[in-house]
Amino acid sequence: MDCVLLTHAHIDHSGYLPRLVREGFRGPVYCTSATAELTRILLLDSAKLQEEEAAYAQKKGYSKHEKPEPLYRVEDVEKTLPLLQPYPFQQAVDIGPGAKITFYQAGHILGAASIKLVVRGEQQEKKIVFSGDLGRFHDPVLYPPAWCLRRHPVFRGHVWQSPRP
């Protein structure tokens with residue numbers, strides 16, 4: 001694995017990163033700026049809770065393991081955080097030979113993104129668009145899922161521009 005493309009900070013999307021790092025992953029983790037900031041908070045908190053839960057399970061003897069261990073520790077998170085490479089929305093980013101990504105608003109949580117991956121070979125180019133989770137189109141705080149509004153067949157032909165920068 002050369003890199004990770006992180007759509008948003010929720011633990012069900014970012015929570016295995018410290019374990020990957022503990023097992024040897026050293027590549028960049030591409031994400032949006034807000035996702036990087038939230039991931040830091042969530043992973044540090046999650047690691048602390050896991051460490052406390054493992055110690056409590058050991059003390060009370062309710063784990064099926066002789067010595068319960070957390071999935072990852074705070075020190076694993078501290079080694080993971082420097083790998084986060086934050087980028088703004090709607091800026092193409094080179095991630096390797098012939099590969100670029102662009103983040104688009106997903107509206108799920110602060111910093112959540114759909115990611116367009118463009119891979120160019122010698123004779124052709126492929127585009128893959130994916131998202132972790134999408135938000136609502138009429139949220140009073142977050143941007144709507146921009147990629148869907150502009151590209152989904154239901155909205156094709158509808159030109160949408162964000163009213164906010």
# chains A, B, ... in the order shown; residues from 1 in each chain; ligands from 1
>>> residues_around(residues="A:Glu69", least_positions_apart="3", cutoff="9 Å", atoms="only C-alpha atoms", output="list in words")
Gln50, Glu51, Glu53, Ala54, Ala55, Gln58, His65 and Tyr72 of chain A
>>> residues_around(residues="stretch 93-98 of chain A", least_positions_apart="3", cutoff="10 Å", atoms="only C-alpha atoms", output="list in words")
Asp2, Cys3, Leu5, Pro28, Tyr30, Tyr87, Pro88, Gln90, Ile101, Thr102, Phe103, Leu117, Val118, Val119, Arg120, Gly121, Glu122 and Glu125 of chain A
>>> residues_around(residues="A:Glu37", least_positions_apart="4", cutoff="10 Å", atoms="only C-alpha atoms", output="ChimeraX atom specification")
/A:9,31-33,41-42,81,84,86,110-111
>>> closest_residue(among="A:Gln105, A:Gln85, A:Thr80, A:Ser131", to="A:Arg26", atoms="only C-alpha atoms")
A:Thr80
>>> select_by_dssp(residues="stretch 8-144 of chain A", states="helix (DSSP H, G or I)", output="PyMOL selection string")
chain A and resi 11-14+17-22+33-60+74-83
>>> residues_around(residues="A:Leu6", least_positions_apart="4", cutoff="9 Å", atoms="only C-alpha atoms", output="list in words")
His13, Ser14, Val29, Tyr30, Cys31, Thr32, Thr35, Ala112, Ala113, Ile115 and Gly132 of chain A
>>> closest_residue(among="A:Leu83, A:Leu17, A:Ile109, A:Ile11", to="A:Asp45", atoms="only C-alpha atoms")
A:Ile11
>>> residues_around(residues="A:Glu78", least_positions_apart="3", cutoff="9 Å", atoms="only C-alpha atoms", output="list in words")
Pro18, Arg40, Leu44, Arg73, Val74, Glu75, Leu81 and Pro82 of chain A
>>> select_by_dssp(residues="stretch 2-156 of chain A", states="strand (DSSP E or B)", output="mmCIF file with N, CA, C and O atoms, in the first residue's frame")
data_model
loop_
_atom_site.group_PDB
_atom_site.id
_atom_site.type_symbol
_atom_site.label_atom_id
_atom_site.label_comp_id
_atom_site.auth_asym_id
_atom_site.auth_seq_id
_atom_site.Cartn_x
_atom_site.Cartn_y
_atom_site.Cartn_z
ATOM 1 N N VAL A 4 -3.077 6.308 1.570
ATOM 2 C CA VAL A 4 -4.472 6.159 1.985
ATOM 3 C C VAL A 4 -5.209 7.421 1.561
ATOM 4 O O VAL A 4 -4.690 8.534 1.725
ATOM 5 N N LEU A 5 -6.407 7.259 1.018
ATOM 6 C CA LEU A 5 -7.283 8.378 0.687
ATOM 7 C C LEU A 5 -8.403 8.371 1.715
ATOM 8 O O LEU A 5 -9.239 7.476 1.722
ATOM 9 N N VAL A 29 -1.289 9.971 4.067
ATOM 10 C CA VAL A 29 -2.736 9.828 4.208
ATOM 11 C C VAL A 29 -3.323 11.143 3.701
ATOM 12 O O VAL A 29 -3.236 12.171 4.371
ATOM 13 N N TYR A 30 -3.885 11.114 2.504
ATOM 14 C CA TYR A 30 -4.430 12.321 1.890
ATOM 15 C C TYR A 30 -5.838 12.575 2.409
ATOM 16 O O TYR A 30 -6.662 11.655 2.461
ATOM 17 N N CYS A 31 -6.107 13.829 2.777
ATOM 18 C CA CYS A 31 -7.409 14.198 3.312
ATOM 19 C C CYS A 31 -7.570 15.712 3.199
ATOM 20 O O CYS A 31 -6.653 16.407 2.779
ATOM 21 N N THR A 32 -8.724 16.207 3.598
ATOM 22 C CA THR A 32 -8.930 17.653 3.625
ATOM 23 C C THR A 32 -8.361 18.211 4.930
ATOM 24 O O THR A 32 -8.087 17.470 5.880
ATOM 25 N N LEU A 84 -0.637 12.488 7.932
ATOM 26 C CA LEU A 84 -1.807 13.173 7.368
ATOM 27 C C LEU A 84 -1.338 14.317 6.480
ATOM 28 O O LEU A 84 -0.574 15.182 6.914
ATOM 29 N N GLN A 85 -1.790 14.313 5.248
ATOM 30 C CA GLN A 85 -1.425 15.332 4.265
ATOM 31 C C GLN A 85 -2.691 16.084 3.874
ATOM 32 O O GLN A 85 -3.427 15.639 2.997
ATOM 33 N N PRO A 86 -2.983 17.217 4.513
ATOM 34 C CA PRO A 86 -4.235 17.929 4.244
ATOM 35 C C PRO A 86 -4.153 18.804 2.990
ATOM 36 O O PRO A 86 -3.127 19.429 2.716
ATOM 37 N N TYR A 87 -5.264 18.830 2.262
ATOM 38 C CA TYR A 87 -5.392 19.653 1.052
ATOM 39 C C TYR A 87 -6.767 20.301 1.029
ATOM 40 O O TYR A 87 -7.723 19.759 1.593
ATOM 41 N N VAL A 93 -4.410 17.238 -6.837
ATOM 42 C CA VAL A 93 -3.197 16.909 -6.091
ATOM 43 C C VAL A 93 -2.540 15.696 -6.748
ATOM 44 O O VAL A 93 -3.178 14.649 -6.896
ATOM 45 N N ASP A 94 -1.287 15.823 -7.140
ATOM 46 C CA ASP A 94 -0.534 14.682 -7.669
ATOM 47 C C ASP A 94 -0.190 13.752 -6.514
ATOM 48 O O ASP A 94 0.399 14.181 -5.524
ATOM 49 N N ILE A 95 -0.544 12.474 -6.665
ATOM 50 C CA ILE A 95 -0.234 11.520 -5.596
ATOM 51 C C ILE A 95 0.734 10.437 -6.061
ATOM 52 O O ILE A 95 1.049 9.536 -5.301
ATOM 53 N N GLY A 96 1.154 10.524 -7.280
ATOM 54 C CA GLY A 96 2.096 9.549 -7.818
ATOM 55 C C GLY A 96 2.115 9.656 -9.322
ATOM 56 O O GLY A 96 1.331 10.409 -9.914
ATOM 57 N N ALA A 99 -1.222 9.820 -11.425
ATOM 58 C CA ALA A 99 -2.388 9.759 -10.537
ATOM 59 C C ALA A 99 -2.611 11.102 -9.847
ATOM 60 O O ALA A 99 -1.674 11.695 -9.310
ATOM 61 N N LYS A 100 -3.858 11.557 -9.885
ATOM 62 C CA LYS A 100 -4.242 12.800 -9.207
ATOM 63 C C LYS A 100 -5.544 12.571 -8.466
ATOM 64 O O LYS A 100 -6.376 11.772 -8.874
ATOM 65 N N ILE A 101 -5.705 13.311 -7.375
ATOM 66 C CA ILE A 101 -6.968 13.295 -6.651
ATOM 67 C C ILE A 101 -7.472 14.726 -6.502
ATOM 68 O O ILE A 101 -6.688 15.670 -6.495
ATOM 69 N N THR A 102 -8.787 14.844 -6.360
ATOM 70 C CA THR A 102 -9.421 16.123 -6.059
ATOM 71 C C THR A 102 -10.508 15.850 -5.034
ATOM 72 O O THR A 102 -11.279 14.900 -5.174
ATOM 73 N N PHE A 103 -10.552 16.678 -3.997
ATOM 74 C CA PHE A 103 -11.577 16.554 -2.965
ATOM 75 C C PHE A 103 -12.756 17.465 -3.293
ATOM 76 O O PHE A 103 -12.562 18.612 -3.682
ATOM 77 N N TYR A 104 -13.979 16.945 -3.109
ATOM 78 C CA TYR A 104 -15.212 17.712 -3.300
ATOM 79 C C TYR A 104 -16.060 17.594 -2.042
ATOM 80 O O TYR A 104 -16.069 16.555 -1.382
ATOM 81 N N GLN A 105 -16.788 18.644 -1.720
ATOM 82 C CA GLN A 105 -17.648 18.657 -0.532
ATOM 83 C C GLN A 105 -18.597 17.462 -0.541
ATOM 84 O O GLN A 105 -19.264 17.196 -1.535
ATOM 85 N N ALA A 113 -15.382 14.525 2.371
ATOM 86 C CA ALA A 113 -15.159 14.708 0.942
ATOM 87 C C ALA A 113 -15.541 13.482 0.133
ATOM 88 O O ALA A 113 -15.393 12.351 0.590
ATOM 89 N N SER A 114 -16.010 13.748 -1.070
ATOM 90 C CA SER A 114 -15.991 12.752 -2.129
ATOM 91 C C SER A 114 -14.653 12.972 -2.815
ATOM 92 O O SER A 114 -14.162 14.100 -2.888
ATOM 93 N N ILE A 115 -14.065 11.912 -3.301
ATOM 94 C CA ILE A 115 -12.745 12.021 -3.908
ATOM 95 C C ILE A 115 -12.811 11.542 -5.352
ATOM 96 O O ILE A 115 -13.334 10.462 -5.628
ATOM 97 N N LYS A 116 -12.289 12.376 -6.240
ATOM 98 C CA LYS A 116 -12.145 11.966 -7.635
ATOM 99 C C LYS A 116 -10.691 11.566 -7.828
ATOM 100 O O LYS A 116 -9.783 12.367 -7.600
ATOM 101 N N LEU A 117 -10.473 10.334 -8.242
ATOM 102 C CA LEU A 117 -9.147 9.808 -8.540
ATOM 103 C C LEU A 117 -9.034 9.688 -10.052
ATOM 104 O O LEU A 117 -9.870 9.044 -10.688
ATOM 105 N N VAL A 118 -8.043 10.326 -10.637
ATOM 106 C CA VAL A 118 -7.794 10.243 -12.071
ATOM 107 C C VAL A 118 -6.453 9.545 -12.261
ATOM 108 O O VAL A 118 -5.436 9.993 -11.723
ATOM 109 N N VAL A 119 -6.492 8.443 -12.992
ATOM 110 C CA VAL A 119 -5.282 7.671 -13.267
ATOM 111 C C VAL A 119 -5.062 7.677 -14.775
ATOM 112 O O VAL A 119 -5.943 7.283 -15.538
ATOM 113 N N ARG A 120 -3.897 8.140 -15.191
ATOM 114 C CA ARG A 120 -3.575 8.240 -16.605
ATOM 115 C C ARG A 120 -2.466 7.254 -16.939
ATOM 116 O O ARG A 120 -1.398 7.265 -16.332
ATOM 117 N N GLU A 125 -7.142 7.191 -19.861
ATOM 118 C CA GLU A 125 -7.314 7.804 -18.555
ATOM 119 C C GLU A 125 -8.590 7.248 -17.942
ATOM 120 O O GLU A 125 -9.600 7.112 -18.614
ATOM 121 N N LYS A 126 -8.536 6.936 -16.658
ATOM 122 C CA LYS A 126 -9.703 6.438 -15.925
ATOM 123 C C LYS A 126 -9.990 7.371 -14.769
ATOM 124 O O LYS A 126 -9.074 7.862 -14.101
ATOM 125 N N LYS A 127 -11.282 7.607 -14.512
ATOM 126 C CA LYS A 127 -11.715 8.426 -13.385
ATOM 127 C C LYS A 127 -12.581 7.566 -12.480
ATOM 128 O O LYS A 127 -13.499 6.901 -12.940
ATOM 129 N N ILE A 128 -12.280 7.636 -11.201
ATOM 130 C CA ILE A 128 -13.056 6.929 -10.189
ATOM 131 C C ILE A 128 -13.472 7.959 -9.160
ATOM 132 O O ILE A 128 -12.634 8.714 -8.659
ATOM 133 N N VAL A 129 -14.753 8.001 -8.848
ATOM 134 C CA VAL A 129 -15.256 8.919 -7.828
ATOM 135 C C VAL A 129 -15.879 8.082 -6.721
ATOM 136 O O VAL A 129 -16.674 7.175 -6.983
ATOM 137 N N PHE A 130 -15.492 8.379 -5.483
ATOM 138 C CA PHE A 130 -16.065 7.654 -4.358
ATOM 139 C C PHE A 130 -16.216 8.586 -3.173
ATOM 140 O O PHE A 130 -15.610 9.646 -3.109
ATOM 141 N N SER A 131 -17.055 8.158 -2.242
ATOM 142 C CA SER A 131 -17.272 8.916 -1.016
ATOM 143 C C SER A 131 -17.449 7.944 0.128
ATOM 144 O O SER A 131 -17.890 6.812 -0.071
#
>>> atom_distance(atom1="atom CA of A:Gly107", atom2="atom CA of A:Ala146")
8.0 Å
>>> atom_distance(atom1="atom CA of A:Leu20", atom2="atom CA of A:Tyr56")
24.8 Å
>>> closest_residue(among="A:Lys59, A:Glu66, A:Ala36, A:Ser46", to="A:Gly15", atoms="only C-alpha atoms")
A:Ser46
>>> atom_distance(atom1="atom CA of A:Leu43", atom2="atom CA of A:Gly61")
26.0 Å
